[in-house]
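Chemist: Here you go, input24.cif (mmCIF, C-alpha atoms):
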```cif
data_run
loop_
_atom_site.label_atom_id
_atom_site.label_comp_id
_atom_site.auth_asym_id
_atom_site.auth_seq_id
_atom_site.Cartn_x
_atom_site.Cartn_y
_atom_site.Cartn_z
CA MET A 1 95.93 30.54 156.72
CA LYS A 2 96.46 30.63 152.96
CA ARG A 3 92.70 30.64 152.44
CA PHE A 4 92.33 33.51 154.92
CA ALA A 5 94.99 35.50 153.08
CA LEU A 6 93.13 35.01 149.81
CA VAL A 7 89.85 36.14 151.39
CA PHE A 8 91.58 39.16 152.92
CA TRP A 9 92.97 40.35 149.60
CA PHE A 10 89.71 39.59 147.80
CA VAL A 11 87.81 41.78 150.26
CA CYS A 12 90.39 44.55 149.89
CA ALA A 13 90.20 44.31 146.11
CA VAL A 14 86.40 44.50 146.08
CA CYS A 15 86.52 47.56 148.28
CA GLU A 16 89.21 49.30 146.27
CA PHE A 17 88.06 48.55 142.77
CA GLY A 18 84.41 47.68 143.14
CA THR A 19 83.26 51.02 144.47
CA VAL A 20 83.04 54.37 142.76
CA SER A 21 85.69 55.98 144.91
CA ARG A 22 88.42 54.96 147.31
CA ALA A 23 87.54 53.48 150.64
CA TYR A 24 87.77 55.08 154.09
CA GLY A 25 86.26 54.41 157.51
CA HIS A 26 85.59 56.14 160.83
CA GLY A 27 86.44 56.52 164.55
CA PHE A 28 87.84 60.03 164.95
CA ALA A 29 89.42 62.52 167.30
CA GLY A 30 90.46 65.54 165.25
CA ALA A 31 92.54 64.41 162.31
CA ARG A 32 93.05 60.95 163.82
CA PHE A 33 91.24 57.90 162.54
CA PHE A 34 91.21 55.13 165.13
CA PRO A 35 90.32 51.67 163.87
CA ALA A 36 88.10 49.36 165.89
CA THR A 37 90.46 47.12 167.80
CA LEU A 38 89.93 43.36 167.80
CA SER A 39 90.94 42.29 171.30
CA THR A 40 90.50 45.35 173.50
CA GLU A 41 87.42 47.55 173.46
CA ASP A 42 87.90 50.88 171.71
CA PRO A 43 86.75 54.16 173.31
CA PHE A 44 84.39 55.32 170.58
CA VAL A 45 80.66 55.62 170.70
CA SER A 46 79.58 54.68 167.20
CA ASP A 47 77.26 52.75 164.93
CA GLU A 48 79.15 49.57 164.17
CA LEU A 49 78.70 45.92 163.43
CA SER A 50 81.36 43.27 164.01
CA LEU A 51 80.30 40.24 162.00
CA PRO A 52 82.00 37.99 162.63
CA THR A 53 84.89 37.99 165.09
CA VAL A 54 86.51 34.56 165.08
CA SER A 55 89.23 33.42 167.46
CA THR A 56 90.83 30.12 168.31
CA ILE A 57 93.43 29.27 170.95
CA ARG A 58 94.41 26.24 173.01
CA THR A 59 93.92 26.88 176.73
CA PRO A 60 95.44 24.86 179.60
CA ASP A 61 92.00 23.73 180.84
CA ASP A 62 91.54 19.95 181.21
CA GLY A 63 95.07 19.26 180.01
CA GLY A 64 94.67 21.39 176.92
CA THR A 65 91.42 22.53 175.32
CA ARG A 66 91.00 24.15 171.92
CA GLU A 67 88.54 27.02 172.33
CA THR A 68 87.01 28.54 169.21
CA ASP A 69 84.74 31.57 169.50
CA ILE A 70 82.53 33.10 166.82
CA SER A 71 80.89 36.31 167.92
CA VAL A 72 78.77 39.17 166.68
CA ASP A 73 78.62 42.64 168.24
CA ILE A 74 76.34 45.52 167.38
CA ALA A 75 76.77 49.09 168.65
CA LYS A 76 74.16 51.83 168.20
CA ARG A 77 74.36 55.51 169.07
CA ILE A 78 71.40 56.86 171.01
CA THR A 79 72.89 60.35 171.11
CA PRO A 80 76.23 61.48 169.61
CA GLN A 81 77.87 60.85 173.02
CA PHE A 82 75.94 57.82 174.27
CA GLY A 83 75.58 54.41 172.69
CA ILE A 84 74.46 50.91 173.54
CA GLU A 85 75.96 47.57 172.57
CA ILE A 86 74.81 43.98 172.35
CA GLY A 87 76.96 40.95 171.71
CA GLU A 88 76.71 37.19 171.54
CA THR A 89 79.34 34.47 171.19
CA PHE A 90 79.13 30.88 170.04
CA THR A 91 81.86 28.76 171.62
CA ALA A 92 83.18 25.34 170.65
CA LEU A 93 85.41 23.48 173.11
CA ASN A 94 87.50 20.47 172.12
CA SER A 95 89.45 19.02 175.01
CA HIS A 96 92.71 17.10 174.81
CA GLU A 97 90.84 13.97 175.91
CA GLY A 98 88.50 14.17 172.94
CA ARG A 99 85.44 15.58 174.71
CA ALA A 100 83.70 18.25 172.69
CA SER A 101 80.99 20.68 173.63
CA ASN A 102 79.58 23.82 172.13
CA GLY A 103 76.94 26.41 172.77
CA PHE A 104 76.23 30.08 173.23
CA GLU A 105 77.88 32.20 175.89
CA ASN A 106 75.81 34.56 178.01
CA LEU A 107 74.31 37.58 176.27
CA GLN A 108 76.44 40.72 176.62
CA LEU A 109 74.82 44.15 176.95
CA GLY A 110 76.52 47.47 177.44
CA GLY A 111 76.39 51.23 177.32
CA LYS A 112 79.14 53.78 176.76
CA TYR A 113 79.24 57.54 177.31
CA GLN A 114 81.91 59.72 175.76
CA ILE A 115 83.00 62.27 178.36
CA LEU A 116 85.92 63.90 176.53
CA LYS A 117 86.92 64.40 172.93
CA ASN A 118 89.81 66.74 172.10
CA GLY A 119 90.50 67.17 168.39
CA PRO A 120 93.82 69.07 168.47
CA HIS A 121 95.31 66.52 170.89
CA GLU A 122 93.56 63.55 169.28
CA ALA A 123 92.28 62.40 172.66
CA ILE A 124 89.10 60.67 173.75
CA VAL A 125 87.83 59.28 177.06
CA SER A 126 84.65 57.28 177.64
CA LEU A 127 82.92 55.58 180.54
CA GLY A 128 81.07 52.34 180.09
CA LEU A 129 78.98 49.78 181.89
CA GLY A 130 78.56 46.24 180.62
CA VAL A 131 76.59 43.29 181.89
CA GLU A 132 76.87 39.61 181.08
CA VAL A 133 73.34 38.36 181.58
CA GLY A 134 73.53 35.23 183.69
CA GLY A 135 71.63 32.12 182.66
CA THR A 136 71.23 33.14 179.01
CA GLY A 137 74.07 30.91 177.78
CA SER A 138 74.91 27.24 177.82
CA SER A 139 76.50 25.74 180.92
CA SER A 140 78.28 23.22 178.69
CA VAL A 141 80.66 25.98 177.56
CA GLY A 142 80.97 27.48 181.02
CA ALA A 143 78.37 30.25 180.79
CA ASP A 144 77.63 31.43 184.32
CA SER A 145 74.22 31.16 185.90
CA PHE A 146 74.71 34.58 187.50
CA SER A 147 75.20 38.00 185.97
CA THR A 148 78.42 39.99 185.97
CA TRP A 149 78.59 43.78 185.90
CA THR A 150 81.58 45.52 184.34
CA PRO A 151 82.07 49.27 184.80
CA GLY A 152 85.05 50.62 182.92
CA ILE A 153 86.96 53.55 181.51
CA PHE A 154 88.22 53.70 177.94
CA PHE A 155 90.72 56.06 176.36
CA GLY A 156 92.43 56.86 173.08
CA LYS A 157 95.32 59.20 172.31
CA GLY A 158 97.03 59.96 169.01
CA PHE A 159 100.56 61.32 168.93
CA GLY A 160 99.87 63.86 166.19
CA ASP A 161 100.66 66.74 168.57
CA LEU A 162 104.32 65.74 168.83
CA PRO A 163 106.81 68.36 167.57
CA ASP A 164 107.74 68.22 163.89
CA ALA A 165 111.23 66.97 164.79
CA LEU A 166 109.50 63.73 165.79
CA ARG A 167 107.09 63.72 162.84
CA PHE A 168 107.53 60.04 162.01
CA PHE A 169 106.21 59.18 165.48
CA LYS A 170 103.02 61.15 164.84
CA PRO A 171 101.22 58.18 163.24
CA LEU A 172 101.47 56.34 166.58
CA ALA A 173 98.37 56.09 168.75
CA ILE A 174 97.32 54.20 171.84
CA THR A 175 93.90 53.06 173.02
CA GLY A 176 93.19 51.31 176.27
CA VAL A 177 90.66 50.08 178.77
CA ALA A 178 90.50 49.42 182.50
CA SER A 179 87.38 47.80 183.90
CA ILE A 180 86.33 45.62 186.81
CA GLU A 181 84.21 42.52 186.41
CA ILE A 182 81.94 42.27 189.42
CA PRO A 183 80.06 38.95 189.62
CA THR A 184 76.70 39.04 191.37
CA SER A 185 77.56 35.72 193.02
CA ALA A 186 80.71 35.29 195.13
CA SER A 187 80.77 31.51 194.72
CA THR A 188 78.94 28.56 193.24
CA ARG A 189 78.30 25.29 195.10
CA THR A 190 78.17 22.13 193.03
CA VAL A 191 76.97 18.90 194.68
CA THR A 192 77.99 15.64 193.01
CA LEU A 193 77.54 12.01 193.97
CA ASN A 194 80.70 9.94 194.27
CA GLU A 195 79.86 6.78 192.34
CA VAL A 196 82.44 4.74 194.25
CA THR A 197 81.68 5.73 197.81
CA GLY A 198 78.12 6.91 197.29
CA ALA A 199 78.92 10.02 199.29
CA ARG A 200 77.89 13.52 198.36
CA GLU A 201 80.77 15.82 197.41
CA ILE A 202 80.45 19.56 197.53
CA GLU A 203 82.65 21.67 195.29
CA ILE A 204 82.78 25.40 195.83
CA GLU A 205 83.95 27.58 192.95
CA ARG A 206 84.83 31.13 193.93
CA HIS A 207 84.18 34.02 191.56
CA PRO A 208 86.60 36.86 192.18
CA ASN A 209 86.28 40.43 191.07
CA VAL A 210 88.56 40.74 188.07
CA LEU A 211 90.47 43.73 186.77
CA GLN A 212 90.29 43.70 182.99
CA TRP A 213 92.92 45.90 181.50
CA GLY A 214 94.61 46.25 178.20
CA PHE A 215 95.82 48.57 175.53
CA ALA A 216 96.56 48.71 171.83
CA LEU A 217 99.57 50.42 170.29
CA GLU A 218 99.08 51.23 166.62
CA TYR A 219 101.02 52.89 163.80
CA SER A 220 98.72 54.31 161.16
CA ILE A 221 100.00 54.26 157.60
CA ILE A 222 96.85 56.25 156.81
CA TYR A 223 97.99 59.03 159.14
CA LEU A 224 101.54 58.88 157.79
CA GLU A 225 100.38 59.31 154.19
CA GLU A 226 97.74 61.99 154.86
CA GLN A 227 99.28 64.10 157.61
CA VAL A 228 103.05 63.57 157.71
CA LYS A 229 104.68 62.39 154.51
CA ASP A 230 103.37 60.93 151.29
CA ILE A 231 105.79 58.05 150.89
CA GLY A 232 104.09 56.86 147.74
CA LEU A 233 102.29 53.78 149.02
CA ARG A 234 99.35 52.75 146.90
CA ALA A 235 96.25 50.65 147.54
CA PRO A 236 95.80 48.52 149.52
CA PHE A 237 98.99 49.25 151.47
CA ASP A 238 98.14 52.91 152.14
CA ARG A 239 95.20 51.81 154.32
CA LEU A 240 97.07 49.50 156.68
CA ILE A 241 97.44 49.92 160.44
CA PRO A 242 99.95 47.60 162.10
CA LEU A 243 99.23 47.22 165.80
CA VAL A 244 99.95 45.24 168.94
CA GLU A 245 97.19 44.61 171.47
CA PHE A 246 97.62 43.54 175.09
CA PRO A 247 94.33 42.16 176.47
CA LEU A 248 94.98 41.20 180.09
CA GLU A 249 93.05 40.36 183.24
CA THR A 250 93.97 40.08 186.89
CA PRO A 251 91.72 38.55 189.59
CA LEU A 252 91.63 40.79 192.64
CA ASP A 253 90.32 38.69 195.53
CA ARG A 254 88.66 35.49 196.79
CA GLY A 255 91.88 33.52 196.90
CA GLN A 256 92.89 34.15 193.33
CA GLY A 257 94.31 37.68 193.54
CA GLY A 258 97.29 38.69 191.48
CA GLN A 259 97.52 36.00 188.81
CA THR A 260 97.48 37.93 185.53
CA THR A 261 96.58 36.15 182.33
CA GLY A 262 96.21 37.38 178.79
CA THR A 263 97.85 37.52 175.44
CA ILE A 264 100.05 39.78 173.34
CA ASN A 265 98.44 40.21 169.94
CA PRO A 266 100.51 41.58 167.07
CA GLY A 267 98.48 42.08 163.92
CA LEU A 268 97.31 44.15 161.03
CA ILE A 269 94.12 46.06 160.22
CA TRP A 270 93.08 47.23 156.80
CA ALA A 271 90.55 50.06 157.09
CA GLY A 272 88.33 50.94 154.17
CA LYS A 273 85.45 53.31 153.65
CA TYR A 274 82.66 51.13 154.93
CA PHE A 275 84.41 48.33 156.75
CA GLN A 276 87.71 47.08 158.05
CA VAL A 277 89.28 43.65 158.25
CA GLY A 278 91.90 42.64 160.76
CA ALA A 279 93.83 39.66 162.02
CA GLU A 280 96.13 39.13 164.99
CA ALA A 281 98.20 36.37 166.50
CA MET A 282 97.42 35.64 170.17
CA ILE A 283 100.61 34.91 172.10
CA PRO A 284 100.04 33.84 175.73
CA VAL A 285 101.83 36.05 178.26
CA ASN A 286 102.44 33.12 180.66
CA SER A 287 101.82 29.42 181.20
CA CYS A 288 98.57 30.11 183.05
CA THR A 289 97.18 31.49 179.81
CA GLY A 290 98.57 28.67 177.68
CA SER A 291 101.55 27.76 175.61
CA ASN A 292 100.15 27.77 172.08
CA VAL A 293 99.69 30.72 169.79
CA GLY A 294 96.11 31.48 168.79
CA VAL A 295 94.55 33.59 166.08
CA ILE A 296 91.78 36.21 166.03
CA ALA A 297 90.24 37.77 162.92
CA GLN A 298 87.39 40.21 162.42
CA LEU A 299 85.24 41.79 159.75
CA HIS A 300 83.85 45.07 161.03
CA PHE A 301 81.32 47.36 159.35
CA PHE A 302 80.99 51.13 159.82
CA VAL A 303 77.21 51.43 159.91
CA ASP A 304 77.26 55.24 160.11
CA ASP A 305 79.12 55.38 156.80
CA LEU A 306 77.02 52.68 155.18
CA PHE A 307 73.71 54.23 156.17
CA PRO A 308 74.39 57.89 157.08
CA HIS A 309 70.80 58.99 156.56
CA SER A 310 68.97 56.19 158.39
CA ILE A 311 70.19 53.57 160.87
CA GLY A 312 73.71 55.03 160.92
CA ARG A 313 72.59 58.20 162.70
CA PRO A 314 72.14 58.71 166.45
CA LEU A 315 68.48 58.38 167.42
CA PHE A 316 68.62 61.84 169.00
CA GLY A 317 70.89 64.87 168.65
CA GLY A 318 72.02 64.92 165.01
CA ASN A 319 74.90 63.26 163.23
CA ARG A 320 77.96 64.71 164.92
CA MET B 321 74.56 30.48 158.34
CA LYS B 322 77.47 30.75 155.92
CA ARG B 323 75.10 31.59 153.06
CA THR B 324 73.41 34.28 155.16
CA ILE B 325 76.72 35.95 155.99
CA VAL B 326 77.90 35.85 152.37
CA SER B 327 74.58 37.30 151.19
CA PHE B 328 74.83 40.09 153.75
CA LEU B 329 78.35 40.97 152.64
CA LEU B 330 77.34 41.05 148.99
CA ILE B 331 74.40 43.34 149.74
CA VAL B 332 76.58 45.66 151.77
CA LEU B 333 79.33 45.80 149.16
CA ALA B 334 76.87 46.33 146.32
CA GLY B 335 75.09 49.06 148.26
CA ALA B 336 78.33 50.70 149.31
CA ALA B 337 79.05 51.72 145.71
CA ARG B 338 76.16 54.18 145.83
CA LEU B 339 76.71 55.66 149.28
CA ASP B 340 78.63 58.57 150.75
CA ALA B 341 80.93 58.64 153.75
CA HIS B 342 83.61 60.70 155.46
CA ALA B 343 85.53 62.82 152.97
CA PHE B 344 89.15 61.92 153.35
CA LEU B 345 92.19 63.26 151.68
CA LYS B 346 92.91 61.34 148.51
CA ARG B 347 95.68 63.33 146.84
CA VAL B 348 97.39 66.67 147.40
CA GLU B 349 99.44 69.12 145.37
CA PRO B 350 102.03 69.95 146.61
CA ALA B 351 102.37 66.45 148.10
CA VAL B 352 102.17 65.92 151.87
CA GLY B 353 105.59 66.51 153.45
CA SER B 354 107.21 67.33 150.11
CA THR B 355 109.74 69.97 149.11
CA VAL B 356 109.06 71.98 145.95
CA GLN B 357 111.66 74.12 144.24
CA THR B 358 109.33 76.89 143.09
CA SER B 359 106.37 78.53 144.79
CA PRO B 360 103.15 76.67 143.87
CA ALA B 361 100.33 78.80 142.49
CA GLU B 362 97.75 77.02 144.62
CA VAL B 363 97.09 74.13 146.97
CA ARG B 364 94.80 71.49 145.53
CA ILE B 365 93.26 68.71 147.59
CA TRP B 366 91.32 65.82 146.12
CA PHE B 367 88.92 64.20 148.58
CA ALA B 368 87.29 60.80 148.55
CA GLU B 369 83.79 62.32 148.52
CA ASN B 370 82.05 65.31 147.01
CA ILE B 371 82.35 68.39 149.23
CA GLU B 372 79.95 71.02 150.54
CA PRO B 373 82.00 74.17 149.74
CA ALA B 374 80.05 76.47 152.08
CA PHE B 375 81.28 74.49 155.09
CA SER B 376 84.78 73.61 153.86
CA SER B 377 88.09 75.41 154.07
CA ILE B 378 91.79 75.22 153.27
CA ARG B 379 94.12 77.62 155.06
CA VAL B 380 97.88 77.93 154.53
CA PHE B 381 100.17 79.36 157.20
CA ASP B 382 103.85 80.28 157.15
CA ALA B 383 106.34 79.37 159.88
CA SER B 384 105.33 82.39 161.98
CA GLY B 385 101.68 81.37 161.94
CA LYS B 386 100.55 84.05 159.52
CA GLU B 387 97.91 83.01 157.01
CA VAL B 388 99.38 83.40 153.52
CA ASP B 389 96.73 82.00 151.18
CA LYS B 390 94.49 84.30 149.15
CA ARG B 391 91.36 83.18 151.04
CA ASP B 392 89.59 82.17 147.85
CA VAL B 393 88.81 78.53 148.60
CA HIS B 394 86.62 77.14 145.87
CA LEU B 395 85.34 73.89 144.51
CA ASP B 396 86.57 72.72 141.13
CA ARG B 397 83.90 73.29 138.44
CA SER B 398 84.16 69.81 136.98
CA ASP B 399 85.22 67.80 140.03
CA HIS B 400 83.20 68.43 143.20
CA ALA B 401 85.67 66.41 145.25
CA LEU B 402 88.53 68.82 144.43
CA LEU B 403 89.12 71.95 146.49
CA HIS B 404 91.51 74.79 145.52
CA VAL B 405 93.03 77.74 147.33
CA SER B 406 95.33 80.23 145.59
CA LEU B 407 98.73 81.26 146.91
CA PRO B 408 100.86 84.38 146.42
CA GLN B 409 104.53 84.03 145.53
CA LEU B 410 105.95 82.18 148.54
CA GLY B 411 109.48 82.55 149.82
CA ALA B 412 111.63 79.67 150.93
CA GLY B 413 110.35 78.01 154.08
CA THR B 414 107.92 75.53 155.57
CA TYR B 415 104.18 76.03 155.17
CA LYS B 416 101.36 74.37 157.04
CA VAL B 417 98.10 73.49 155.31
CA VAL B 418 95.05 73.12 157.56
CA TRP B 419 91.89 71.71 155.98
CA ARG B 420 88.40 71.01 157.16
CA VAL B 421 85.64 69.70 154.95
CA VAL B 422 82.05 68.58 155.16
CA SER B 423 81.02 65.88 152.72
CA VAL B 424 77.65 65.95 150.99
CA ASP B 425 76.26 63.51 153.58
CA THR B 426 77.29 65.97 156.38
CA HIS B 427 80.25 64.00 157.79
CA THR B 428 83.02 66.38 158.91
CA THR B 429 86.72 65.57 158.58
CA ASN B 430 89.84 67.64 159.07
CA GLY B 431 93.60 67.41 158.98
CA ASN B 432 96.81 69.23 158.37
CA PHE B 433 100.17 68.73 156.74
CA THR B 434 103.23 70.69 155.73
CA PHE B 435 105.18 71.27 152.55
CA ARG B 436 108.40 73.11 152.04
CA VAL B 437 109.44 75.62 149.40
CA GLY B 438 113.15 75.25 148.75
CA ARG B 439 115.59 77.58 147.06
#
```
Kindly return the structure encoded in the file as structure tokens.

Modeler:
Amino acid sequence: MKRFALVFWFVCAVCEFGTVSRAYGHGFAGARFFPATLSTEDPFVSDELSLPTVSTIRTPDDGGTRETDISVDIAKRITPQFGIEIGETFTALNSHEGRASNGFENLQLGGKYQILKNGPHEAIVSLGLGVEVGGTGSSSVGADSFSTWTPGIFFGKGFGDLPDALRFFKPLAITGVASIEIPTSASTRTVTLNEVTGAREIEIERHPNVLQWGFALEYSIIYLEEQVKDIGLRAPFDRLIPLVEFPLETPLDRGQGGQTTGTINPGLIWAGKYFQVGAEAMIPVNSCTGSNVGVIAQLHFFVDDLFPHSIGRPLFGGNR
Amino acid sequence: MKRTIVSFLLIVLAGAARLDAHAFLKRVEPAVGSTVQTSPAEVRIWFAENIEPAFSSIRVFDASGKEVDKRDVHLDRSDHALLHVSLPQLGAGTYKVVWRVVSVDTHTTNGNFTFRVGR
């Protein structure tokens, strides 16, 4: 943790003092800058690169398994309102009994279309469709042999339109997502040979449709300093966004309906001109999720600000 | 893998020093949310990037919504990231500043804030 803190401040220092001017990023609705959230998908269609996102948490599987994920995600605008995404995750599992396995998860592909953007009310709504491509990952880390489709709706809303009497609440904003994971296979049959009896045993694993839902509540010091009240904070503190994320999921059917799992993730994002860094704790919401606190951290690049005249532009339709 | 990531970061950070991005508010006079005792002669906003003046504006409104600035928004001669707009003698009250700028790489940003002229 101490090493991470040193890296965090080093990165902030390079950004602040190593560039010709101060650092700022992107993700806008009117005067509102929304950062890219770490644990719940944000509603923006943009040119971005998350490299890497690292998380680790102990899950209740097999009496307690440490799961560590390292992932990369790339998003590219095709038009100003429509973008595509591709992501891949490397997972390492270390069980309580000492068994270890690692490998790649299934490839993730997606598309997102922004259907509403309202500047004065700092609001945005997008529709998306994702697919986890079955059979592209390693079964040793639980990658499914079948594909899963995930249609969803994403939203963001800043509170900058509150009356001036509530001006110190204006830096608040919320983003959220609701989507349904629809597996293309309702169940998987696994046939094993009982070494003692010699009999065949058939295990059927059901794959329910799953409601993925979550939201992020954030308080932007950037917004406070630029739109509400200059309280005199200086770099790097004037670029911080404290937030709490709630990534949750609830199976809907096939004998597993209703059992919500997920985490509550309080954390901090520092947003610069070309990239942001963030870290959150992952606190399980119930015993089904686990009992140990995990950590997630991310380095995220704003490709449209890094390369505004080339790969940071939409392929069609200009740069708006 | 680690070396590749570190190399990528160094390239990006080195390249970033020569690039442009969204022009955000860097400093303001009068300060955001402040109270000044005398009427300021102008509003000055320093941005993080050089500005395209033809597509940029600063407008100042009084509490009734009437525009009170002298509509002479102009770029500073020596600092192309600094935008000025002149003000007449303002009476006591709260004033809203609404700005919208386009940076030299065509990114658009906007915002607003208030300041107060006291007695």

Chemist: Excluding same-chain residues fewer than 2 positions from Leu395 of chain B, what lies within 9 Å of it counting all atoms listed in the file, as a list of chain:residue names?

Modeler: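 Close residues of Leu395 of chain B: B:Ile371, B:Glu372, B:Pro373, B:Val393, B:Arg397, B:Ser398, B:Asp399, B:His400, B:Ala401, B:Leu402, B:Leu403, B:His404.
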
Chemist: Could you give me, as a short mmCIF file (atom, residue, chain, number, x, y, z; two decimals) with C-alpha atoms, in the coordinates of the input, the residues within 10 Å of segment 81-89 of chain A, counting all atoms listed in the file and dropping anything in the same chain fewer than 6 positions from it?

Modeler:
```
data_model
loop_
_atom_site.label_atom_id
_atom_site.label_comp_id
_atom_site.auth_asym_id
_atom_site.auth_seq_id
_atom_site.Cartn_x
_atom_site.Cartn_y
_atom_site.Cartn_z
CA PHE A 44 84.39 55.32 170.58
CA VAL A 45 80.66 55.62 170.70
CA SER A 46 79.58 54.68 167.20
CA ASP A 47 77.26 52.75 164.93
CA GLU A 48 79.15 49.57 164.17
CA LEU A 49 78.70 45.92 163.43
CA SER A 50 81.36 43.27 164.01
CA PRO A 52 82.00 37.99 162.63
CA THR A 53 84.89 37.99 165.09
CA VAL A 54 86.51 34.56 165.08
CA THR A 68 87.01 28.54 169.21
CA ASP A 69 84.74 31.57 169.50
CA ILE A 70 82.53 33.10 166.82
CA SER A 71 80.89 36.31 167.92
CA VAL A 72 78.77 39.17 166.68
CA ASP A 73 78.62 42.64 168.24
CA ILE A 74 76.34 45.52 167.38
CA ALA A 75 76.77 49.09 168.65
CA GLY A 103 76.94 26.41 172.77
CA PHE A 104 76.23 30.08 173.23
CA GLU A 105 77.88 32.20 175.89
CA ASN A 106 75.81 34.56 178.01
CA LEU A 107 74.31 37.58 176.27
CA GLN A 108 76.44 40.72 176.62
CA LEU A 109 74.82 44.15 176.95
CA GLY A 110 76.52 47.47 177.44
CA GLY A 111 76.39 51.23 177.32
CA LYS A 112 79.14 53.78 176.76
CA TYR A 113 79.24 57.54 177.31
CA GLN A 114 81.91 59.72 175.76
CA ILE A 115 83.00 62.27 178.36
CA LEU A 116 85.92 63.90 176.53
CA LYS A 117 86.92 64.40 172.93
CA SER A 126 84.65 57.28 177.64
CA LEU A 127 82.92 55.58 180.54
CA GLY A 128 81.07 52.34 180.09
CA LEU A 129 78.98 49.78 181.89
CA GLY A 130 78.56 46.24 180.62
CA VAL A 131 76.59 43.29 181.89
CA GLU A 132 76.87 39.61 181.08
CA GLY A 137 74.07 30.91 177.78
CA PRO A 314 72.14 58.71 166.45
CA LEU A 315 68.48 58.38 167.42
CA PHE A 316 68.62 61.84 169.00
CA GLY A 317 70.89 64.87 168.65
CA ARG A 320 77.96 64.71 164.92
#
```

Chemist: Please provide the set of residues having any atom within 8 Å of Ile283 of chain A, restricted to all atoms listed in the file, with same-chain residues fewer than 3 positions apart removed, written as a PyMOL selection string.

Modeler: chain A and resi 263-265+292-294

Chemist: For the residues in that selection, give me C-alpha atoms as a tab-separated table (two decimals), in the frame of the given file.

Modeler:
```tsv
chain	number	residue	atom	x	y	z
A	263	THR	CA	97.85	37.52	175.44
A	264	ILE	CA	100.05	39.78	173.34
A	265	ASN	CA	98.44	40.21	169.94
A	292	ASN	CA	100.15	27.77	172.08
A	293	VAL	CA	99.69	30.72	169.79
A	294	GLY	CA	96.11	31.48	168.79
```

Chemist: In Å, rounded to a single decimal, give me how far atom CA of Ile174 of chain A is from atom CA of Phe435 of chain B.

Modeler: 26.9 Å

Chemist: Which one is closest to chain B: A:Glu245, A:Asp253, A:Asp304, A:Glu41? Count only C-alpha atoms.

Modeler: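 Ranked by minimum distance to chain B, first place goes to A:Asp304.
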
Chemist: Quick one: distance from atom CA of Ala173 of chain A to atom CA of His427 of chain B in Å, one decimal?

Modeler: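 Interatomic distance here is 22.6 Å.
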
Chemist: So which one's closest to Val348 of chain B, A:Ser287, A:Glu226, A:Leu306, A:Gln298? Using all atoms listed in the file, please.

Modeler: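 Looking at the shortest contact to Val348 of chain B, the residue is A:Glu226.
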
Chemist: A:Pro120, A:Pro60, A:Pro183, A:Gly152: which is nearest chain B, counting all atoms listed in the file?

Modeler: A:Pro120

Chemist: Applied to this file, what does the PyMOL selection byres ((chain B and resi 434) around 8) return in terms of residues, put as a PDB file with C-alpha atoms, in the frame of the given file?

Modeler:
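expr-v2.pdb was written with the following content:
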```
ATOM      1  CA  GLN A 227      99.280  64.100 157.610  1.00  0.00           C
ATOM      2  CA  VAL A 228     103.050  63.570 157.710  1.00  0.00           C
TER       3      VAL A 228
ATOM      4  CA  VAL B 352     102.170  65.920 151.870  1.00  0.00           C
ATOM      5  CA  GLY B 353     105.590  66.510 153.450  1.00  0.00           C
ATOM      6  CA  SER B 354     107.210  67.330 150.110  1.00  0.00           C
ATOM      7  CA  THR B 414     107.920  75.530 155.570  1.00  0.00           C
ATOM      8  CA  TYR B 415     104.180  76.030 155.170  1.00  0.00           C
ATOM      9  CA  LYS B 416     101.360  74.370 157.040  1.00  0.00           C
ATOM     10  CA  VAL B 417      98.100  73.490 155.310  1.00  0.00           C
ATOM     11  CA  ASN B 432      96.810  69.230 158.370  1.00  0.00           C
ATOM     12  CA  PHE B 433     100.170  68.730 156.740  1.00  0.00           C
ATOM     13  CA  PHE B 435     105.180  71.270 152.550  1.00  0.00           C
ATOM     14  CA  ARG B 436     108.400  73.110 152.040  1.00  0.00           C
TER      15      ARG B 436
END
```

Chemist: Can you pull out the residues contacting Thr358 of chain B? Cut-off 10 Å, using all atoms listed in the file, and skip same-chain residues under 3 positions away; I want them as a list of chain:residue names.

Modeler: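 Neighbouring residues, sequence-local ones excluded: B:Thr355, B:Ala361, B:Gln409, B:Leu410, B:Gly411, B:Ala412, B:Arg436, B:Val437, B:Gly438, B:Arg439.
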
Chemist: Write the residues you've just listed into a file as a JSON list (two decimals), keeping the file's coordinate frame, and include C-alpha atoms for each of them.

Modeler:
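Printed below is part39.json as written:
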```
[["chain", "number", "residue", "atom", "x", "y", "z"],
["B", 355, "THR", "CA", 109.74, 69.97, 149.11],
["B", 361, "ALA", "CA", 100.33, 78.80, 142.49],
["B", 409, "GLN", "CA", 104.53, 84.03, 145.53],
["B", 410, "LEU", "CA", 105.95, 82.18, 148.54],
["B", 411, "GLY", "CA", 109.48, 82.55, 149.82],
["B", 412, "ALA", "CA", 111.63, 79.67, 150.93],
["B", 436, "ARG", "CA", 108.40, 73.11, 152.04],
["B", 437, "VAL", "CA", 109.44, 75.62, 149.40],
["B", 438, "GLY", "CA", 113.15, 75.25, 148.75],
["B", 439, "ARG", "CA", 115.59, 77.58, 147.06]]
```

Chemist: Distance atom CA of Thr148 of chain A-atom CA of Ser185 of chain A, one decimal place?

Modeler: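 Separating atom CA of Thr148 of chain A from atom CA of Ser185 of chain A is a distance of 8.3 Å.
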
Chemist: I would like the residues chosen by the PyMOL selection byres ((chain A and resi 184) around 10) on the shown file; could you give them as a list in words?

Modeler: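 Going through the file, the PyMOL selection byres ((chain A and resi 184) around 10) ends up selecting Gly134, Ser145, Phe146, Ser147, Thr148, Trp149, Glu181, Ile182, Pro183, Ser185, Ala186, Ser187, His207 and Asn209 of chain A.
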